[in-house]
Amino acid sequence: MLSRVADSLYWMSRYLERAENTVRQLDVTMSLLLDSTGTTAEVRWDRLVKSLGIREGLGWSGDPEAMARRLVFDPNVSSSVTTCVNAARENARQVREEISTEQWQRLNRLYHQMHSPQALAQFRNSINDFLASIVDGIHLFKGVSDTTMIHGEGWQFIRLGRHLERAYATATLIEIYQESLLSLPDREHSGYQYLELVGLLRSCTSFEAYCQVYTADLSTDRILEFLLLNQDFPHALRYAIDSIRSALEAIQRNGGRRPPEELNSTVGRLQSMLRYTTITEILEGNPGAFLHTIREQCKAIHDLSYRYYVQYSIQSALAV
Amino acid sequence: MELEQLFRDYPLDSAFDEMRTPNGGIRPHYQALLETLASLPHEELLRRKQSADLAFLTQGITFTVYGREEGTERIFPYDLLPRLIAAKEWERIERGLTQRITALNAFLKDVYGEGKILKDKVVPRAIVYSCKHYRRQMCGLEVPRNVYMAVVGSDLLRLNTGEYVVLEDNLRVPSGVSYMLTNRRVMKRTFPQLFNSYGVRPIEHYPQLLLNTLRSLAPEGRPEPNIVLLTPGVFNSAYFEHTYLARQMGIDLVEGRDLVTHANIVYMRTTDGLKRVDVIYRRVDDDFSDPLIFRADSTLGCAGLFNAYRAGNVTVTNAFGTGLADDKAMYAYVPRIIKYYLDEEPILNNVQTYLMTEENERNYALENLDKLVVKAVGESGGYGMLIGPQSTKKQQEEFRRAILDNPRNYIAQPTLDFSRAPCLFGGHLEPRHVDLRPYILFGDKVSIVPGGLTRVAMEKGSLVVNSSQGGGSKDTWVLE
């Protein structure tokens, strides 16, 4: 597969995952704001902006709706839903011949939904409904991607992008939440604290899944265990890293080049770490540093695969 | 619907009408189409039109309009009624085009080789060497299988006598074939019974023919050639077509930045390292193809491509410099070129053309600017054109000055009263001017899929069919 094409598929997928993450976190924050006093509102908003990786330009103004509108529609805000959907579509457009017609139509519809003249009115009418319909659109896209595309190399790059973006976003989110989480009492939460924990789980669409495993009995260590170490839940970090590993293996299966050892060992190390560490060890150590390492390794995986699959030096490729 | 209703706004004049005879009768091969239309209720017709619209929309059949930041993708306008071509007419077109392409290919080989036709003074040297698309670098270079252009899209018109004539030979990077294919797909869904009863010759195998043609031109010793389509990228107006053809043929769509050359071999960058490229179906103009040889500021091409081509390690088609033979002034010499190489009379005639480099022809043209069409020789897509009868005195004056300034750059032709075909507007028919662009493939032999793109001047009375100037298209049915 052409390197440029793999790169576009990868970014198309990452941007859509990012859009979904923005929508979900915004949705959770908006409902938490309903239960907020003036000061906690600002704290919550800051936390949202930080966990989306937005560095500046989106400080709390006191008007939740206006803030949310910018995070959805402002093309100048990085990670805004519009920014991500535009970028995903632009990447798809450049590899139009590689994706299925159904995928293109879905993505196009999502793009036109964001840009339709009625979008703002629908948003004002019900932020909830609007955000839900965007998530629906993204889910439909993922669905047709899995059912209409050959599960070959291109699809694996889509998968790689999706899970790398998700792993990075989840690690960032937990890193930002962890301080306030760890300061909570072990059991017996006040109503507000309970909402906070539910909010974190819902940001990763994990509330129901969590309840199935641990019942609605929320505790910090269990939540962290679930989000970091569960091997069966698609939004858990371990699951994402496992998927990254398997996508890379599939990509390398038919390749004739020397395998990228540094990349493979970085992924392998991260995978083992999540597989063989217990939550007690993490909590007794330095959880902040632990999460930070995970993020750094995700970045390294991106850089290494970019250098191996896309921007490799011609001289070294000729030497093979 | 009643016939009178269908024909309520259908004037006949001196132009040839594809459906009606001058006295108002219906040509036999259009009879069944008309009966079907007349039998459909107005609502049903509208419903079919809407479902065809939707089919075009959801397939994303668009072209790019230059110079606007947003909304640059447009749906290509189309008309619901097919243009019908009788078997006998088509047979003549096919023979004529084959003859013409064979002669033009021989001409290119000769001019870039020995130059016999120049020595014999059949074509003046001055007109060759002053051509904007003449490529000195091609001289003495042997192209694979001696085929200069694998893909040609000639534009034909039908005069008021009913005779088909060639208006232009597009030998560089002709486009539009994807519209021909998608038009057909939509039409089959819109009028299935009609299609079935007519016995329409199929065109759907075009991508396969194209692939075979490209494969037949691969360099020697490359039995499993890696064939790619080179596109200028997503901002090109024909990008949709490039993606469409690549997908239909199952080959990679590459951009210049995907290619690298090393030791005169072209590679593409893949996730599995560099992979050798054997055949390039080039949809990038000569000028932009290789910054080392042609325009140095181009980022659309691949540095070193031309040398790899010269070394015979990669086939690039169409070859560079083919634009020499579709120059609008060279066009006037095509009948002589056919006679020179094949010793045959042209089967398809030219439109009468006045060369501004010839004194008496120029004088005639300058006196009759209000009646003639003047064209700049190097332009295409309907740009740089004066349509005499529809022009102002001021425009005529500008062209007069431009012609005197640089006579080699212009030609003049009579304003053609070319044929019109019925188009559906709301619930009735109106005639619109149409041309025909068949697609000719040239590999180990010449093959033409029966049909082509019928382009329609959608504006009432307009003579301009180019998509960049508001033209549309319709499906073309060649009958058994």
# chains A, B, ... in the order shown; residues from 1 in each chain; ligands from 1
>>> interface_residues(of="chain B", to="chain A", cutoff="8 Å", atoms="only C-alpha atoms", output="number ranges by chain")
B: 58-59, 233-234, 243-244, 246-247, 252-254, 258, 268-274
>>> residues_around(residues="segment 223-234 of chain A", least_positions_apart="4", cutoff="7 Å", atoms="only C-alpha atoms", output="PDB file with N, CA and C atoms, in the first residue's frame")
ATOM      1  N   TYR A 210     -18.781  -1.006  33.345  1.00  0.00           N
ATOM      2  CA  TYR A 210     -18.214  -1.083  34.701  1.00  0.00           C
ATOM      3  C   TYR A 210     -19.187  -1.781  35.644  1.00  0.00           C
ATOM      4  N   SER A 219     -15.664   2.760  43.162  1.00  0.00           N
ATOM      5  CA  SER A 219     -14.512   3.127  43.984  1.00  0.00           C
ATOM      6  C   SER A 219     -13.354   3.454  43.057  1.00  0.00           C
ATOM      7  N   ARG A 238      -5.662  -1.170  28.128  1.00  0.00           N
ATOM      8  CA  ARG A 238      -5.010  -2.435  27.769  1.00  0.00           C
ATOM      9  C   ARG A 238      -5.589  -2.981  26.461  1.00  0.00           C
ATOM     10  N   TYR A 239      -6.902  -2.897  26.354  1.00  0.00           N
ATOM     11  CA  TYR A 239      -7.545  -3.372  25.132  1.00  0.00           C
ATOM     12  C   TYR A 239      -7.003  -2.604  23.917  1.00  0.00           C
ATOM     13  N   ALA A 240      -6.885  -1.270  24.069  1.00  0.00           N
ATOM     14  CA  ALA A 240      -6.402  -0.440  22.954  1.00  0.00           C
ATOM     15  C   ALA A 240      -4.987  -0.838  22.551  1.00  0.00           C
ATOM     16  N   LEU A 274       0.969  -3.320  30.882  1.00  0.00           N
ATOM     17  CA  LEU A 274      -0.444  -3.271  31.242  1.00  0.00           C
ATOM     18  C   LEU A 274      -0.970  -4.662  31.595  1.00  0.00           C
ATOM     19  N   ARG A 275      -0.333  -5.672  31.052  1.00  0.00           N
ATOM     20  CA  ARG A 275      -0.827  -7.018  31.298  1.00  0.00           C
ATOM     21  C   ARG A 275      -0.407  -7.523  32.672  1.00  0.00           C
ATOM     22  N   ILE A 279      -3.347  -3.135  39.897  1.00  0.00           N
ATOM     23  CA  ILE A 279      -3.750  -1.761  40.217  1.00  0.00           C
ATOM     24  C   ILE A 279      -3.135  -1.328  41.558  1.00  0.00           C
TER      25      ILE A 279
END
>>> closest_residue(among="A:Met273, A:Val267, A:Val49, A:Ala41", to="Phe290 of chain A", atoms="only C-alpha atoms")
A:Met273
>>> residues_around(residues="segment 334-349 of chain B", least_positions_apart="2", cutoff="12 Å", atoms="only C-alpha atoms", output="CSV table (one decimal) with N, CA and C atoms, in the first residue's frame")
chain,number,residue,atom,x,y,z
B,89,GLU,N,-24.1,4.6,-38.6
B,89,GLU,CA,-23.4,5.8,-38.3
B,89,GLU,C,-22.1,5.5,-37.5
B,90,TRP,N,-22.4,4.7,-36.5
B,90,TRP,CA,-21.2,4.4,-35.6
B,90,TRP,C,-20.1,3.7,-36.3
B,91,GLU,N,-20.5,2.8,-37.2
B,91,GLU,CA,-19.5,2.0,-37.9
B,91,GLU,C,-18.5,3.0,-38.7
B,92,ARG,N,-19.1,4.0,-39.3
B,92,ARG,CA,-18.3,5.0,-40.0
B,92,ARG,C,-17.4,5.8,-39.0
B,93,ILE,N,-18.0,6.2,-37.9
B,93,ILE,CA,-17.2,7.0,-36.9
B,93,ILE,C,-16.0,6.1,-36.4
B,94,GLU,N,-16.3,4.9,-36.2
B,94,GLU,CA,-15.2,4.0,-35.7
B,94,GLU,C,-14.1,3.8,-36.7
B,95,ARG,N,-14.4,3.6,-38.0
B,95,ARG,CA,-13.4,3.5,-39.0
B,95,ARG,C,-12.6,4.8,-39.1
B,96,GLY,N,-13.4,5.9,-39.1
B,96,GLY,CA,-12.8,7.2,-39.3
B,96,GLY,C,-11.8,7.6,-38.2
B,97,LEU,N,-12.2,7.3,-36.9
B,97,LEU,CA,-11.3,7.6,-35.8
B,97,LEU,C,-10.1,6.7,-35.8
B,98,THR,N,-10.3,5.4,-36.2
B,98,THR,CA,-9.1,4.5,-36.2
B,98,THR,C,-8.1,5.0,-37.2
B,99,GLN,N,-8.6,5.4,-38.4
B,99,GLN,CA,-7.8,5.9,-39.4
B,99,GLN,C,-7.0,7.2,-39.0
B,100,ARG,N,-7.7,8.1,-38.3
B,100,ARG,CA,-7.2,9.3,-37.9
B,100,ARG,C,-6.1,9.2,-36.9
B,101,ILE,N,-6.4,8.3,-35.9
B,101,ILE,CA,-5.4,8.1,-34.8
B,101,ILE,C,-4.1,7.4,-35.3
B,102,THR,N,-4.3,6.4,-36.2
B,102,THR,CA,-3.2,5.7,-36.8
B,102,THR,C,-2.3,6.7,-37.5
B,103,ALA,N,-2.9,7.6,-38.3
B,103,ALA,CA,-2.1,8.6,-39.0
B,103,ALA,C,-1.4,9.6,-38.1
B,104,LEU,N,-2.1,10.0,-37.0
B,104,LEU,CA,-1.5,11.0,-36.1
B,104,LEU,C,-0.4,10.4,-35.3
B,105,ASN,N,-0.5,9.1,-35.0
B,105,ASN,CA,0.6,8.5,-34.3
B,105,ASN,C,1.8,8.3,-35.2
B,106,ALA,N,1.6,8.0,-36.5
B,106,ALA,CA,2.7,7.9,-37.4
B,106,ALA,C,3.3,9.3,-37.6
B,107,PHE,N,2.5,10.3,-37.6
B,107,PHE,CA,3.0,11.7,-37.7
B,107,PHE,C,4.0,12.0,-36.6
B,108,LEU,N,3.5,11.7,-35.3
B,108,LEU,CA,4.4,12.0,-34.2
B,108,LEU,C,5.7,11.2,-34.2
B,109,LYS,N,5.6,10.0,-34.6
B,109,LYS,CA,6.8,9.2,-34.7
B,109,LYS,C,7.8,9.8,-35.8
B,110,ASP,N,7.2,10.2,-36.8
B,110,ASP,CA,8.0,10.8,-37.9
B,110,ASP,C,8.6,12.1,-37.5
B,111,VAL,N,7.8,13.0,-36.9
B,111,VAL,CA,8.3,14.4,-36.6
B,111,VAL,C,9.4,14.3,-35.5
B,116,LYS,N,10.4,13.0,-42.1
B,116,LYS,CA,10.2,12.9,-43.6
B,116,LYS,C,9.1,13.9,-44.1
B,117,ILE,N,8.1,14.0,-43.3
B,117,ILE,CA,6.9,14.8,-43.7
B,117,ILE,C,7.4,16.3,-43.8
B,118,LEU,N,8.4,16.6,-43.0
B,118,LEU,CA,8.9,18.0,-43.0
B,118,LEU,C,9.8,18.2,-44.2
B,120,ASP,N,9.5,16.6,-47.0
B,120,ASP,CA,8.7,16.7,-48.2
B,120,ASP,C,7.8,17.9,-48.2
B,121,LYS,N,7.9,18.7,-47.2
B,121,LYS,CA,7.2,20.0,-47.1
B,121,LYS,C,5.7,19.9,-47.2
B,122,VAL,N,5.2,18.7,-46.6
B,122,VAL,CA,3.7,18.6,-46.5
B,122,VAL,C,3.2,19.4,-45.3
B,123,VAL,N,4.0,19.3,-44.2
B,123,VAL,CA,3.7,20.2,-43.1
B,123,VAL,C,4.9,21.1,-42.9
B,124,PRO,N,4.7,22.4,-42.8
B,124,PRO,CA,5.8,23.4,-42.7
B,124,PRO,C,6.6,23.2,-41.4
B,154,SER,N,-11.5,12.3,-29.0
B,154,SER,CA,-11.7,13.3,-30.1
B,154,SER,C,-13.1,13.8,-29.9
B,155,ASP,N,-13.2,15.1,-30.3
B,155,ASP,CA,-14.5,15.8,-30.2
B,155,ASP,C,-15.1,15.8,-31.6
B,156,LEU,N,-16.3,15.2,-31.8
B,156,LEU,CA,-17.0,15.2,-33.0
B,156,LEU,C,-18.2,16.1,-33.0
B,157,LEU,N,-18.6,16.7,-34.1
B,157,LEU,CA,-19.8,17.4,-34.3
B,157,LEU,C,-20.6,16.9,-35.4
B,158,ARG,N,-21.8,17.2,-35.5
B,158,ARG,CA,-22.6,16.7,-36.6
B,158,ARG,C,-23.2,18.0,-37.3
B,159,LEU,N,-22.8,18.1,-38.6
B,159,LEU,CA,-23.2,19.3,-39.4
B,159,LEU,C,-24.7,19.2,-39.8
B,163,GLU,N,-23.7,14.9,-41.5
B,163,GLU,CA,-22.3,14.4,-41.5
B,163,GLU,C,-21.6,14.6,-40.2
B,164,TYR,N,-20.8,13.6,-39.7
B,164,TYR,CA,-20.0,13.8,-38.5
B,164,TYR,C,-18.6,14.3,-38.9
B,165,VAL,N,-18.2,15.4,-38.3
B,165,VAL,CA,-16.8,15.9,-38.5
B,165,VAL,C,-16.1,16.0,-37.2
B,166,VAL,N,-14.7,16.0,-37.4
B,166,VAL,CA,-13.9,16.1,-36.2
B,166,VAL,C,-13.6,17.6,-35.9
B,167,LEU,N,-13.9,18.0,-34.6
B,167,LEU,CA,-13.6,19.4,-34.3
B,167,LEU,C,-12.2,19.5,-33.6
B,168,GLU,N,-11.9,18.5,-32.8
B,168,GLU,CA,-10.6,18.5,-32.1
B,168,GLU,C,-10.1,17.1,-31.8
B,169,ASP,N,-8.8,16.9,-31.9
B,169,ASP,CA,-8.2,15.7,-31.4
B,169,ASP,C,-7.6,16.0,-30.1
B,324,LEU,N,1.6,18.3,-29.8
B,324,LEU,CA,2.0,18.8,-31.1
B,324,LEU,C,0.9,18.5,-32.1
B,325,ALA,N,0.4,17.3,-32.0
B,325,ALA,CA,-0.5,16.8,-33.1
B,325,ALA,C,-2.0,17.3,-32.8
B,326,ASP,N,-2.3,17.8,-31.6
B,326,ASP,CA,-3.6,18.4,-31.4
B,326,ASP,C,-3.6,19.9,-31.3
B,327,ASP,N,-2.5,20.5,-31.7
B,327,ASP,CA,-2.5,22.0,-31.8
B,327,ASP,C,-3.6,22.4,-32.9
B,328,LYS,N,-4.3,23.5,-32.6
B,328,LYS,CA,-5.4,23.8,-33.4
B,328,LYS,C,-5.0,24.2,-34.8
B,329,ALA,N,-3.7,24.7,-35.0
B,329,ALA,CA,-3.2,25.0,-36.3
B,329,ALA,C,-2.8,23.8,-37.1
B,330,MET,N,-2.2,22.8,-36.3
B,330,MET,CA,-1.8,21.6,-36.9
B,330,MET,C,-3.0,20.8,-37.4
B,331,TYR,N,-4.1,21.0,-36.7
B,331,TYR,CA,-5.4,20.4,-37.1
B,331,TYR,C,-5.7,20.6,-38.6
B,332,ALA,N,-5.4,21.8,-39.1
B,332,ALA,CA,-5.8,22.1,-40.5
B,332,ALA,C,-5.0,21.1,-41.4
B,351,VAL,N,-13.5,20.3,-39.8
B,351,VAL,CA,-14.2,21.5,-40.0
B,351,VAL,C,-13.3,22.5,-40.8
B,352,GLN,N,-13.9,23.2,-41.7
B,352,GLN,CA,-13.0,24.2,-42.4
B,352,GLN,C,-12.3,25.1,-41.5
B,353,THR,N,-11.0,25.3,-41.7
B,353,THR,CA,-10.2,26.0,-40.8
B,353,THR,C,-9.3,27.0,-41.5
>>> residues_around(residues="Pro185 of chain A", least_positions_apart="3", cutoff="9 Å", atoms="only C-alpha atoms", output="ChimeraX atom specification")
/A:181-182,188-189,219-220
>>> write_last_selection(atoms="C-alpha atoms", output="mmCIF file, in the first residue's frame")
data_model
loop_
_atom_site.group_PDB
_atom_site.id
_atom_site.type_symbol
_atom_site.label_atom_id
_atom_site.label_comp_id
_atom_site.auth_asym_id
_atom_site.auth_seq_id
_atom_site.Cartn_x
_atom_site.Cartn_y
_atom_site.Cartn_z
ATOM 1 C CA LEU A 181 -9.849 10.963 42.230
ATOM 2 C CA LEU A 182 -7.162 9.938 44.658
ATOM 3 C CA GLU A 188 -19.267 6.401 51.024
ATOM 4 C CA HIS A 189 -19.207 9.246 48.493
ATOM 5 C CA SER A 219 -14.512 3.127 43.984
ATOM 6 C CA THR A 220 -11.421 4.842 42.710
#
>>> select_by_dssp(residues="segment 279-411 of chain B", states="alpha helix (DSSP H)", output="JSON, numbers by chain")
{"B": [305, 306, 307, 308, 309, 310, 334, 335, 336, 337, 338, 339, 340, 341, 342, 359, 360, 361, 362, 363, 364, 365, 366, 367, 393, 394, 395, 396, 397, 398, 399, 400, 401, 402, 403, 404, 405]}
>>> write_last_selection(atoms="C-alpha atoms", output="PDB file, in the first residue's frame")
ATOM      1  CA  LEU B 305      10.848  10.632 -14.462  1.00  0.00           C
ATOM      2  CA  PHE B 306      11.796  11.680 -17.962  1.00  0.00           C
ATOM      3  CA  ASN B 307      15.250  10.127 -17.795  1.00  0.00           C
ATOM      4  CA  ALA B 308      13.813   6.856 -16.545  1.00  0.00           C
ATOM      5  CA  TYR B 309      11.390   7.030 -19.455  1.00  0.00           C
ATOM      6  CA  ARG B 310      14.177   7.757 -21.897  1.00  0.00           C
ATOM      7  CA  VAL B 334      -4.585  16.472 -40.515  1.00  0.00           C
ATOM      8  CA  PRO B 335      -6.304  15.551 -43.815  1.00  0.00           C
ATOM      9  CA  ARG B 336      -2.931  15.952 -45.552  1.00  0.00           C
ATOM     10  CA  ILE B 337      -1.256  13.934 -42.779  1.00  0.00           C
ATOM     11  CA  ILE B 338      -3.726  11.086 -43.281  1.00  0.00           C
ATOM     12  CA  LYS B 339      -3.116  11.127 -47.013  1.00  0.00           C
ATOM     13  CA  TYR B 340       0.653  11.265 -46.572  1.00  0.00           C
ATOM     14  CA  TYR B 341       1.023   8.282 -44.262  1.00  0.00           C
ATOM     15  CA  LEU B 342      -1.897   6.065 -45.225  1.00  0.00           C
ATOM     16  CA  GLU B 359      -2.037  35.856 -45.704  1.00  0.00           C
ATOM     17  CA  ASN B 360      -5.184  35.437 -47.770  1.00  0.00           C
ATOM     18  CA  GLU B 361      -6.897  33.245 -45.176  1.00  0.00           C
ATOM     19  CA  ARG B 362      -6.053  35.790 -42.507  1.00  0.00           C
ATOM     20  CA  ASN B 363      -7.408  38.662 -44.571  1.00  0.00           C
ATOM     21  CA  TYR B 364     -10.638  36.769 -45.161  1.00  0.00           C
ATOM     22  CA  ALA B 365     -10.945  36.060 -41.438  1.00  0.00           C
ATOM     23  CA  LEU B 366     -10.239  39.626 -40.375  1.00  0.00           C
ATOM     24  CA  GLU B 367     -12.969  40.862 -42.705  1.00  0.00           C
ATOM     25  CA  LYS B 393     -17.412  45.135 -31.696  1.00  0.00           C
ATOM     26  CA  LYS B 394     -14.985  45.664 -28.845  1.00  0.00           C
ATOM     27  CA  GLN B 395     -14.219  41.958 -28.455  1.00  0.00           C
ATOM     28  CA  GLN B 396     -13.748  41.632 -32.216  1.00  0.00           C
ATOM     29  CA  GLU B 397     -11.310  44.525 -32.132  1.00  0.00           C
ATOM     30  CA  GLU B 398      -9.329  42.865 -29.344  1.00  0.00           C
ATOM     31  CA  PHE B 399      -9.051  39.642 -31.310  1.00  0.00           C
ATOM     32  CA  ARG B 400      -8.107  41.524 -34.495  1.00  0.00           C
ATOM     33  CA  ARG B 401      -5.207  43.086 -32.681  1.00  0.00           C
ATOM     34  CA  ALA B 402      -4.198  39.803 -31.053  1.00  0.00           C
ATOM     35  CA  ILE B 403      -4.269  37.975 -34.400  1.00  0.00           C
ATOM     36  CA  LEU B 404      -2.098  40.581 -36.121  1.00  0.00           C
ATOM     37  CA  ASP B 405       0.207  40.540 -33.140  1.00  0.00           C
TER      38      ASP B 405
END
>>> residues_around(residues="segment 424-428 of chain B", least_positions_apart="2", cutoff="9 Å", atoms="only C-alpha atoms", output="PDB file with N, CA and C atoms, in the first residue's frame")
ATOM      1  N   MET B   1     -48.185  11.028 -21.428  1.00  0.00           N
ATOM      2  CA  MET B   1     -48.252  12.464 -21.758  1.00  0.00           C
ATOM      3  C   MET B   1     -48.418  12.640 -23.269  1.00  0.00           C
ATOM      4  N   GLN B   5     -47.882  18.054 -25.976  1.00  0.00           N
ATOM      5  CA  GLN B   5     -47.392  18.592 -24.715  1.00  0.00           C
ATOM      6  C   GLN B   5     -45.849  18.505 -24.687  1.00  0.00           C
ATOM      7  N   LEU B   6     -45.316  17.363 -25.092  1.00  0.00           N
ATOM      8  CA  LEU B   6     -43.862  17.174 -25.095  1.00  0.00           C
ATOM      9  C   LEU B   6     -43.169  18.161 -26.026  1.00  0.00           C
ATOM     10  N   PHE B   7     -43.828  18.465 -27.135  1.00  0.00           N
ATOM     11  CA  PHE B   7     -43.192  19.297 -28.172  1.00  0.00           C
ATOM     12  C   PHE B   7     -43.603  20.765 -28.112  1.00  0.00           C
ATOM     13  N   ARG B   8     -44.178  21.203 -26.979  1.00  0.00           N
ATOM     14  CA  ARG B   8     -44.745  22.554 -27.009  1.00  0.00           C
ATOM     15  C   ARG B   8     -43.689  23.649 -27.154  1.00  0.00           C
ATOM     16  N   ASP B   9     -42.443  23.330 -26.844  1.00  0.00           N
ATOM     17  CA  ASP B   9     -41.393  24.345 -27.027  1.00  0.00           C
ATOM     18  C   ASP B   9     -40.226  23.724 -27.784  1.00  0.00           C
ATOM     19  N   TYR B  10     -40.482  23.273 -29.001  1.00  0.00           N
ATOM     20  CA  TYR B  10     -39.453  22.539 -29.741  1.00  0.00           C
ATOM     21  C   TYR B  10     -39.323  23.068 -31.165  1.00  0.00           C
ATOM     22  N   HIS B  42     -46.721  12.458 -16.187  1.00  0.00           N
ATOM     23  CA  HIS B  42     -45.808  13.537 -15.815  1.00  0.00           C
ATOM     24  C   HIS B  42     -45.116  13.241 -14.476  1.00  0.00           C
ATOM     25  N   GLU B  43     -45.905  12.776 -13.497  1.00  0.00           N
ATOM     26  CA  GLU B  43     -45.352  12.543 -12.147  1.00  0.00           C
ATOM     27  C   GLU B  43     -44.284  11.449 -12.177  1.00  0.00           C
ATOM     28  N   LEU B  45     -42.374  10.636 -14.657  1.00  0.00           N
ATOM     29  CA  LEU B  45     -41.174  11.177 -15.278  1.00  0.00           C
ATOM     30  C   LEU B  45     -40.358  11.967 -14.247  1.00  0.00           C
ATOM     31  N   LEU B  46     -41.085  12.786 -13.461  1.00  0.00           N
ATOM     32  CA  LEU B  46     -40.412  13.582 -12.438  1.00  0.00           C
ATOM     33  C   LEU B  46     -39.768  12.673 -11.395  1.00  0.00           C
ATOM     34  N   ASP B  79     -28.494  15.284 -18.636  1.00  0.00           N
ATOM     35  CA  ASP B  79     -29.850  15.217 -19.132  1.00  0.00           C
ATOM     36  C   ASP B  79     -30.299  13.764 -19.153  1.00  0.00           C
ATOM     37  N   LEU B  80     -31.591  13.571 -18.874  1.00  0.00           N
ATOM     38  CA  LEU B  80     -32.110  12.226 -18.666  1.00  0.00           C
ATOM     39  C   LEU B  80     -32.273  11.422 -19.955  1.00  0.00           C
ATOM     40  N   LEU B  81     -32.421  12.104 -21.095  1.00  0.00           N
ATOM     41  CA  LEU B  81     -32.696  11.355 -22.324  1.00  0.00           C
ATOM     42  C   LEU B  81     -31.400  10.933 -23.009  1.00  0.00           C
ATOM     43  N   PRO B 422     -32.820  16.262 -28.286  1.00  0.00           N
ATOM     44  CA  PRO B 422     -33.869  16.618 -27.336  1.00  0.00           C
ATOM     45  C   PRO B 422     -33.397  16.440 -25.897  1.00  0.00           C
ATOM     46  N   GLU B 430     -36.888  20.094 -25.103  1.00  0.00           N
ATOM     47  CA  GLU B 430     -36.345  21.234 -25.830  1.00  0.00           C
ATOM     48  C   GLU B 430     -35.049  20.772 -26.484  1.00  0.00           C
ATOM     49  N   PRO B 431     -34.751  21.304 -27.673  1.00  0.00           N
ATOM     50  CA  PRO B 431     -33.503  20.896 -28.324  1.00  0.00           C
ATOM     51  C   PRO B 431     -32.311  21.680 -27.782  1.00  0.00           C
TER      52      PRO B 431
END
>>> atom_distance(atom1="atom CA of Asp417 of chain B", atom2="atom CA of Thr161 of chain B")
10.0 Å
>>> residues_around(residues="Arg184 of chain B", least_positions_apart="2", cutoff="10 Å", atoms="only C-alpha atoms", output="list in words")
Pro82, Ser178, Tyr179, Met180, Leu181, Thr182, Val186, Met187, Lys188, Arg189, Thr190, Pro202, Ile203, Glu204, Lys474, Asp475, Thr476 and Trp477 of chain B
>>> write_last_selection(atoms="N, CA and C atoms", output="short mmCIF file (atom, residue, chain, number, x, y, z; two decimals), in the first residue's frame")
data_model
loop_
_atom_site.label_atom_id
_atom_site.label_comp_id
_atom_site.auth_asym_id
_atom_site.auth_seq_id
_atom_site.Cartn_x
_atom_site.Cartn_y
_atom_site.Cartn_z
N PRO B 82 -31.33 9.68 -23.45
CA PRO B 82 -30.11 9.25 -24.13
C PRO B 82 -30.03 9.83 -25.53
N SER B 178 -15.25 8.95 -17.08
CA SER B 178 -15.99 8.47 -15.90
C SER B 178 -17.46 8.91 -15.97
N TYR B 179 -17.71 10.06 -16.60
CA TYR B 179 -19.10 10.50 -16.76
C TYR B 179 -19.83 9.60 -17.74
N MET B 180 -19.11 9.18 -18.78
CA MET B 180 -19.70 8.25 -19.73
C MET B 180 -20.15 6.99 -18.98
N LEU B 181 -19.29 6.48 -18.10
CA LEU B 181 -19.60 5.23 -17.42
C LEU B 181 -20.70 5.39 -16.36
N THR B 182 -20.65 6.49 -15.62
CA THR B 182 -21.67 6.66 -14.58
C THR B 182 -23.02 7.05 -15.19
N VAL B 186 -26.55 5.06 -14.33
CA VAL B 186 -27.78 5.70 -13.87
C VAL B 186 -28.90 5.47 -14.88
N MET B 187 -28.59 5.55 -16.17
CA MET B 187 -29.63 5.39 -17.19
C MET B 187 -30.23 4.00 -17.17
N LYS B 188 -29.39 3.01 -16.93
CA LYS B 188 -29.90 1.64 -16.88
C LYS B 188 -30.91 1.49 -15.76
N ARG B 189 -30.67 2.20 -14.69
CA ARG B 189 -31.61 2.12 -13.57
C ARG B 189 -32.86 2.95 -13.82
N THR B 190 -32.70 4.02 -14.60
CA THR B 190 -33.82 4.93 -14.80
C THR B 190 -34.80 4.39 -15.86
N PRO B 202 -22.80 -2.42 -25.19
CA PRO B 202 -22.24 -2.12 -23.87
C PRO B 202 -20.92 -1.34 -23.92
N ILE B 203 -20.69 -0.57 -22.87
CA ILE B 203 -19.45 0.20 -22.75
C ILE B 203 -18.76 -0.08 -21.42
N GLU B 204 -19.40 -0.89 -20.59
CA GLU B 204 -18.94 -1.04 -19.20
C GLU B 204 -17.55 -1.65 -19.07
N LYS B 474 -25.07 13.75 -21.50
CA LYS B 474 -26.12 12.75 -21.53
C LYS B 474 -25.53 11.42 -21.99
N ASP B 475 -26.26 10.36 -21.69
CA ASP B 475 -25.77 9.04 -22.06
C ASP B 475 -25.87 8.88 -23.58
N THR B 476 -24.98 8.08 -24.14
CA THR B 476 -24.93 7.88 -25.58
C THR B 476 -25.16 6.40 -25.88
N TRP B 477 -26.22 6.11 -26.62
CA TRP B 477 -26.53 4.72 -26.90
C TRP B 477 -26.21 4.41 -28.36
#
>>> residues_around(residues="Pro28 of chain B", least_positions_apart="6", cutoff="10 Å", atoms="only C-alpha atoms", output="MDAnalysis selection string")
chainID B and resid 19:21 86
>>> atom_distance(atom1="atom CA of Ala289 of chain A", atom2="atom CA of Leu32 of chain A")
27.6 Å
